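Q: What follows is a structure written as structure tokens; I'll ask about it next.
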Amino acid sequence: MNPTFDVYDTTLRDGAQQEGMNLSVADKLAIAPLLDELGVGYIEGGWPGAIPKDTDFFARAARELTLKNAVLAAFGSTRKAGVAASEDKQVRGLLDSQAPVLTLVAKADIRHVERALRTDGPENLAMIGDTVRFLVAEGRRVVLDAEHFFDGYRYDPAYTLAAVETAIEAGAEVVALCDTNGGMLPHWVTDVVGELREALGHTADSSYRLGMHAHNDSGCAVANSLAAVDAGCAHVQGTINGYGERTGNADLLTVVANLEIKGGRTLLADGGLAEASRIAHAVSEITNISPYGRQPYVGASAFAHKGGLHASAIKVDPDLYQHIDPRAVGNDMRMLISDMAGRASIELKGRELGFDLTGQGELLTRVTTRVKDAEANGYTYDAADASFELLLREEISGERQEYFSVESWRTIVERAGSRGTEATAEATVKLHAGGERHVSTGEGNGPVNALDHALRQALVRVYPEIQEFELIDFKVRILDTMHGTDATTRVLIETTDGQRSWSTVGVGPNLIEASWEALTDSAIYGLIHAGVSPR
Ligand SMILES: CC(=O)SCCNC(=O)CCNC(=O)[C@H](O)C(C)(C)COP(=O)(O)OP(=O)(O)OC[C@H]1O[C@@H](n2cnc3c(N)ncnc32)[C@H](O)[C@@H]1OP(=O)(O)O
Ligand SMILES: CC(=O)C(=O)O
């Protein structure tokens, strides 16, 4: 952690203002240690006194959390107009939270003072000064979030400057300049922060820090945060995965990765940046919001290469097509196999899967051609790594590993009775494995589900490992809508053994045939990776 620069996380407060996000106290108590592990300096936990869950969070955090790197910050607002700070219920709620840092949102735009607060400029300045002074006198460290700072400054710089000066004179250690509506552009931020610093006489040695709190409505939250830091701010606020009200807040991991890797600063404690990908995904698990694959630095696709020309250069040096070494943020480079692959892509993918294909030009050409042909017929390997691995293994060894041979399968969908009763499905699979013929029947709520059950039952006596496999996702896409019900169907399924998951693809003239291919690929891939040989 850098003592002269604050990394301030507001995932649990402003992040929680995201549409659809609903964090329980337990969720917040689970996320806070991850943020601490990441090495941020501040964790803003919520608004105690206003939101009952947040009051509970601070009470439980005081008892249950031991933070190594971060301090907790409680968020609230300045006192109400016409009420003494010491008498303001909401301000007392902040003190009661026991948080060492209290962050006050204050109006900095005169239009908001007059129209939203419905008071006048001098009273709002008094609200800021009184509240900061009161809390500082109570022994708390105070951060002031100057709400609508940038819009306010562009409208009436003198008033906005007065709001910031009042907070500093009253003892705020940080004044965070908020782009509350998220509409700023980086060069506006640069200009405004520069002018403000000049007006305040602010230097790197000043007793207070200026900070940045950016929203992403113009798509510039990260860029605006970097511009603010470049212009002299030494405190940056943001959220994990860019969660937040409307289009979100500045993605703190992107901001910090840029400042550390490109800016040569060390901001997170304990080399936390190398844990960024893991922590971003762990937070997604808790928020129950699927990770965004194309998220800079930490997204699953952030270092995934599809173009064959990229792969051929990466084979020489990964830096030729990557802006950083993915390990710096705990991410990995991946090769994606598709009809855009060339031989270099196959060679690198092979290496990723543990096969050294160096110098095997003929094999690489064969696999490349097979992939391109299959993709032209509807297969998609960049979403089905496991099916690609089976194809590659088959080309390397010259044959497909025969865990079982299928004699036949069939499915029946039946609805007994009148409308409103549920249809049920039944499947029968006949196959040979372990030197015997197996016939089994499975039932399910649909034909694919029934087929999956029947296949497992047919195999389980010979391959008990299959009991651990579970189908966790199933996606169907009709590839040629011009043909209506004659169209080609592509099925992607994801299976897990509880430790890892893998994806397979099947293509066929109908849903059931495509699903059967994806299901059998999945079983074979799972058995290979369970270390089982064909019996
Ligand atoms: C930019 C941001 O993201 S700031 C954070 C936003 N987050 C939230 O609002 C989440 C938590 N909020 C809440 O639980 C509620 O909105 C509360 C408890 C804060 C307020 O609820 P209520 O007491 O019912 O008031 P209501 O929502 O009707 O109006 C807000 C009041 O706060 C006042 N207010 C708004 N900003 C400030 C401020 N910076 N300082 C002091 N008072 C303020 C308004 O003038 C209004 O006062 P009034 O009740 O005298 O008219
Ligand atoms: C304080 C805050 O969240 C904002 O101004 O956006």
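Residues are referred to by chain and number: the chain letter is A, B, ... according to the order shown in the structure tokens, the number counts from 1 in that chain, and ligands are numbered separately from 1 in the order shown.
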Residues up to 10 Å from ligand 1, counting only C-alpha atoms and all ligand atoms: could you list those as a ChimeraX atom specification?

A: /A:13-17,46-52,54,75-82,88,90-91,104-108,112-119,124,127-128,131,145-148,178-181,213,215,244-245

Q: Applying 8 Å and only C-alpha atoms, which residues near range 197-206 of chain A remain after dropping the ones on its own chain fewer than 3 positions away? List them as a ChimeraX atom specification.

A: /A:161,165,193-194,209,232

Q: Distance CA of Ala74 in chain A-CA of His281 in chain A, one decimal place?

A: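 CA of His281 in chain A lies 25.0 Å from CA of Ala74 in chain A.
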
Q: Which one is closest to Ala26 in chain A: A:Asn241, A:Thr287, A:Ser277, A:Thr266? Count only C-alpha atoms.

A: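 Among A:Asn241, A:Thr287, A:Ser277, A:Thr266, it is A:Thr287 that comes nearest to Ala26 in chain A.
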
Q: Tell me which protein, DNA and RNA residues are within 7 Å of range 451-457 of chain A, counting only C-alpha atoms, leaving out same-chain ones fewer than 6 positions away, and put them as number ranges by chain.

A: A: 427-429, 440-443, 466, 519

Q: Could you write out the selected residues, including C-alpha atoms, as a PDB file, in the first residue's frame?

A:
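So selection16.pdb came out as:
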```pdb
ATOM      1  CA  ALA A 427     -34.689 -42.611 -23.742  1.00  0.00           C
ATOM      2  CA  THR A 428     -33.142 -46.020 -24.406  1.00  0.00           C
ATOM      3  CA  VAL A 429     -29.445 -46.446 -25.072  1.00  0.00           C
ATOM      4  CA  SER A 440     -30.538 -48.851 -20.244  1.00  0.00           C
ATOM      5  CA  THR A 441     -33.517 -46.575 -20.074  1.00  0.00           C
ATOM      6  CA  GLY A 442     -33.594 -43.068 -18.655  1.00  0.00           C
ATOM      7  CA  GLU A 443     -36.427 -40.699 -17.931  1.00  0.00           C
ATOM      8  CA  ILE A 466     -19.143 -40.952 -14.565  1.00  0.00           C
ATOM      9  CA  LEU A 519     -23.130 -35.695 -24.535  1.00  0.00           C
TER      10      LEU A 519
END
```

Q: Contacts of range 524-531 of chain A at 10 Å or less, counting only C-alpha atoms, minus same-chain residues fewer than 2 places along, as a list in words?

A: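 Here the answer would be Ala386, Ser387, Glu389, Leu390, Arg400, Gln401, Glu402, Tyr403, Phe404, Tyr463, Pro464, Glu465, Ile466, Glu468, Phe469, Thr495, Thr496, Asp497, Arg500, Ser501, Trp502, Ser503, Thr504, Leu519, Thr520, Asp521, Ser522, Ser533 and Pro534 of chain A.
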
Q: Find, counting only C-alpha atoms and all ligand atoms, the residue in A:Leu336, A:Ile314, A:Val143, A:Ala302 that gets nearest to ligand 2.

A: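 Closest candidate: A:Val143.
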
Q: Which polymer residues have any atom within 9 Å of an atom of Gly183 in chain A, counting only C-alpha atoms, with same-chain residues fewer than 4 positions away left out, as a VMD selection string?

A: chain A and resid 151 179 215 to 221

Q: Name all residues at most 9 Å from Glu173 in chain A (count only C-alpha atoms; drop same-chain ones fewer than 2 positions away) and give them as a list in words.

A: Arg141, Val142, Val143, Leu144, Ala167, Ile168, Gly171, Val175, Ser207, Tyr208, Arg209 and Leu210 of chain A

Q: DSSP says strand (DSSP E) for which residues of range 140-290 of chain A? Put them as number ranges by chain?

A: A: 141-147, 174-179, 209-214, 235-238

Q: Give me a file of those residues, with N, CA and C atoms, as a compact mmCIF listing (two decimals), in the first residue's frame.

A:
```txt
# COMPACT_ATOMS: atom_id res chain seq x y z
N ARG A 141 -11.59 10.16 10.96
CA ARG A 141 -10.98 10.69 9.73
C ARG A 141 -12.12 10.91 8.74
N VAL A 142 -12.09 12.05 8.05
CA VAL A 142 -13.23 12.37 7.17
C VAL A 142 -12.79 12.53 5.71
N VAL A 143 -13.52 11.84 4.86
CA VAL A 143 -13.39 12.02 3.40
C VAL A 143 -14.65 12.76 2.97
N LEU A 144 -14.49 13.77 2.13
CA LEU A 144 -15.68 14.46 1.63
C LEU A 144 -15.86 14.14 0.15
N ASP A 145 -17.00 13.52 -0.18
CA ASP A 145 -17.33 13.28 -1.59
C ASP A 145 -18.08 14.50 -2.10
N ALA A 146 -17.41 15.30 -2.92
CA ALA A 146 -18.05 16.52 -3.45
C ALA A 146 -18.92 16.10 -4.64
N GLU A 147 -20.20 15.94 -4.34
CA GLU A 147 -21.15 15.41 -5.34
C GLU A 147 -21.33 16.43 -6.48
N VAL A 174 -9.43 14.11 2.78
CA VAL A 174 -9.54 13.91 1.33
C VAL A 174 -10.79 14.62 0.85
N VAL A 175 -10.69 15.29 -0.28
CA VAL A 175 -11.91 15.75 -0.95
C VAL A 175 -11.94 15.01 -2.29
N ALA A 176 -12.93 14.11 -2.41
CA ALA A 176 -13.06 13.34 -3.65
C ALA A 176 -13.96 14.12 -4.60
N LEU A 177 -13.46 14.35 -5.78
CA LEU A 177 -14.20 15.13 -6.78
C LEU A 177 -15.06 14.14 -7.55
N CYS A 178 -16.38 14.31 -7.45
CA CYS A 178 -17.27 13.29 -8.02
C CYS A 178 -17.80 13.72 -9.38
N ASP A 179 -17.69 12.80 -10.33
CA ASP A 179 -18.42 12.97 -11.59
C ASP A 179 -19.68 12.13 -11.42
N ARG A 209 -5.60 15.43 0.53
CA ARG A 209 -5.48 14.88 -0.82
C ARG A 209 -6.76 15.20 -1.60
N LEU A 210 -6.59 15.35 -2.90
CA LEU A 210 -7.75 15.42 -3.79
C LEU A 210 -7.94 14.03 -4.37
N GLY A 211 -9.22 13.65 -4.56
CA GLY A 211 -9.48 12.31 -5.08
C GLY A 211 -10.45 12.36 -6.24
N MET A 212 -10.68 11.20 -6.84
CA MET A 212 -11.59 11.11 -7.98
C MET A 212 -12.60 10.00 -7.75
N HIS A 213 -13.86 10.31 -8.02
CA HIS A 213 -14.95 9.33 -7.95
C HIS A 213 -15.69 9.45 -9.27
N ALA A 214 -15.50 8.47 -10.16
CA ALA A 214 -16.03 8.61 -11.52
C ALA A 214 -17.11 7.58 -11.81
N HIS A 235 -5.99 9.97 -4.73
CA HIS A 235 -7.00 9.12 -4.07
C HIS A 235 -7.96 8.76 -5.19
N VAL A 236 -8.17 7.47 -5.38
CA VAL A 236 -9.05 7.08 -6.47
C VAL A 236 -10.09 6.10 -5.95
N GLN A 237 -11.35 6.39 -6.29
CA GLN A 237 -12.44 5.52 -5.84
C GLN A 237 -12.95 4.70 -7.02
N GLY A 238 -13.43 3.52 -6.71
CA GLY A 238 -14.00 2.68 -7.77
C GLY A 238 -14.54 1.40 -7.17
```

Q: Where in range 76-215 of chain A does DSSP assign alpha helix (DSSP H), given as a PyMOL selection string?

A: chain A and resi 89-96+110-112+121-137+149-155+157-170+186-200

Q: Save the residues we just selected, C-alpha atoms, as a CSV table (one decimal), in the first residue's frame?

A:
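Writing done, so here's again03.csv:
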```csv
chain,number,residue,atom,x,y,z
A,89,LYS,CA,-29.8,11.4,13.4
A,90,GLN,CA,-28.1,10.4,10.2
A,91,VAL,CA,-24.8,11.9,11.3
A,92,ARG,CA,-25.1,10.1,14.7
A,93,GLY,CA,-25.6,6.9,12.7
A,94,LEU,CA,-22.3,7.4,11.1
A,95,LEU,CA,-20.5,7.8,14.5
A,96,ASP,CA,-22.4,4.8,15.9
A,110,ILE,CA,-25.2,25.3,-6.5
A,111,ARG,CA,-28.0,24.1,-8.7
A,112,HIS,CA,-28.4,21.0,-6.5
A,121,GLY,CA,-25.4,28.4,-0.8
A,122,PRO,CA,-24.2,29.7,2.6
A,123,GLU,CA,-26.3,27.2,4.5
A,124,ASN,CA,-24.9,24.3,2.4
A,125,LEU,CA,-21.4,25.5,3.2
A,126,ALA,CA,-22.3,25.6,6.9
A,127,MET,CA,-23.6,22.0,6.6
A,128,ILE,CA,-20.3,20.9,5.1
A,129,GLY,CA,-18.1,22.7,7.6
A,130,ASP,CA,-20.2,21.9,10.7
A,131,THR,CA,-20.4,18.2,9.9
A,132,VAL,CA,-16.8,17.7,9.0
A,133,ARG,CA,-15.6,19.6,12.1
A,134,PHE,CA,-18.0,17.7,14.4
A,135,LEU,CA,-16.8,14.3,13.1
A,136,VAL,CA,-13.1,15.3,13.2
A,137,ALA,CA,-13.6,16.5,16.8
A,149,PHE,CA,-18.3,18.5,-8.5
A,150,PHE,CA,-17.4,18.6,-12.2
A,151,ASP,CA,-20.8,19.7,-13.4
A,152,GLY,CA,-20.9,22.2,-10.7
A,153,TYR,CA,-17.5,23.6,-11.5
A,154,ARG,CA,-18.3,24.0,-15.1
A,155,TYR,CA,-21.4,25.9,-14.1
A,157,PRO,CA,-16.6,27.4,-10.3
A,158,ALA,CA,-16.6,29.9,-7.4
A,159,TYR,CA,-19.3,28.1,-5.5
A,160,THR,CA,-17.8,24.7,-6.1
A,161,LEU,CA,-14.4,25.9,-5.0
A,162,ALA,CA,-15.9,27.3,-1.8
A,163,ALA,CA,-17.5,23.9,-1.0
A,164,VAL,CA,-14.1,22.2,-1.4
A,165,GLU,CA,-12.3,24.9,0.6
A,166,THR,CA,-14.8,24.7,3.4
A,167,ALA,CA,-14.3,20.9,3.7
A,168,ILE,CA,-10.5,21.3,3.8
A,169,GLU,CA,-10.6,24.1,6.4
A,170,ALA,CA,-12.9,21.9,8.6
A,186,PRO,CA,-10.8,13.1,-19.8
A,187,HIS,CA,-9.6,16.5,-21.1
A,188,TRP,CA,-12.3,18.2,-19.2
A,189,VAL,CA,-11.2,16.4,-16.0
A,190,THR,CA,-7.6,17.4,-16.7
A,191,ASP,CA,-8.5,21.0,-17.1
A,192,VAL,CA,-10.8,21.2,-14.1
A,193,VAL,CA,-8.5,19.4,-11.7
A,194,GLY,CA,-5.6,21.6,-12.9
A,195,GLU,CA,-7.6,24.8,-12.3
A,196,LEU,CA,-8.9,23.7,-8.9
A,197,ARG,CA,-5.4,22.8,-7.7
A,198,GLU,CA,-4.1,26.2,-8.8
A,199,ALA,CA,-7.0,28.0,-7.1
A,200,LEU,CA,-6.4,26.0,-3.9
```

Q: Between CA of Gly354 in chain A and CA of Glu394 in chain A, what distance in Å does the model show, to one decimal?

A: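 Going from CA of Gly354 in chain A over to CA of Glu394 in chain A, I get 14.7 Å.
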
Q: To one decimal place, how far is CA of Ala231 in chain A from CA of Glu260 in chain A in Å?

A: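 If I compute the distance from CA of Ala231 in chain A to CA of Glu260 in chain A, I get 16.5 Å.
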
Q: Of the candidates A:Thr55, A:Thr239, A:Asn22, A:Thr66, which shows the shortest atom-to-atom distance to ligand 2, using only C-alpha atoms and all ligand atoms?

A: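 Among the listed residues, the smallest separation from ligand 2 belongs to A:Thr239.
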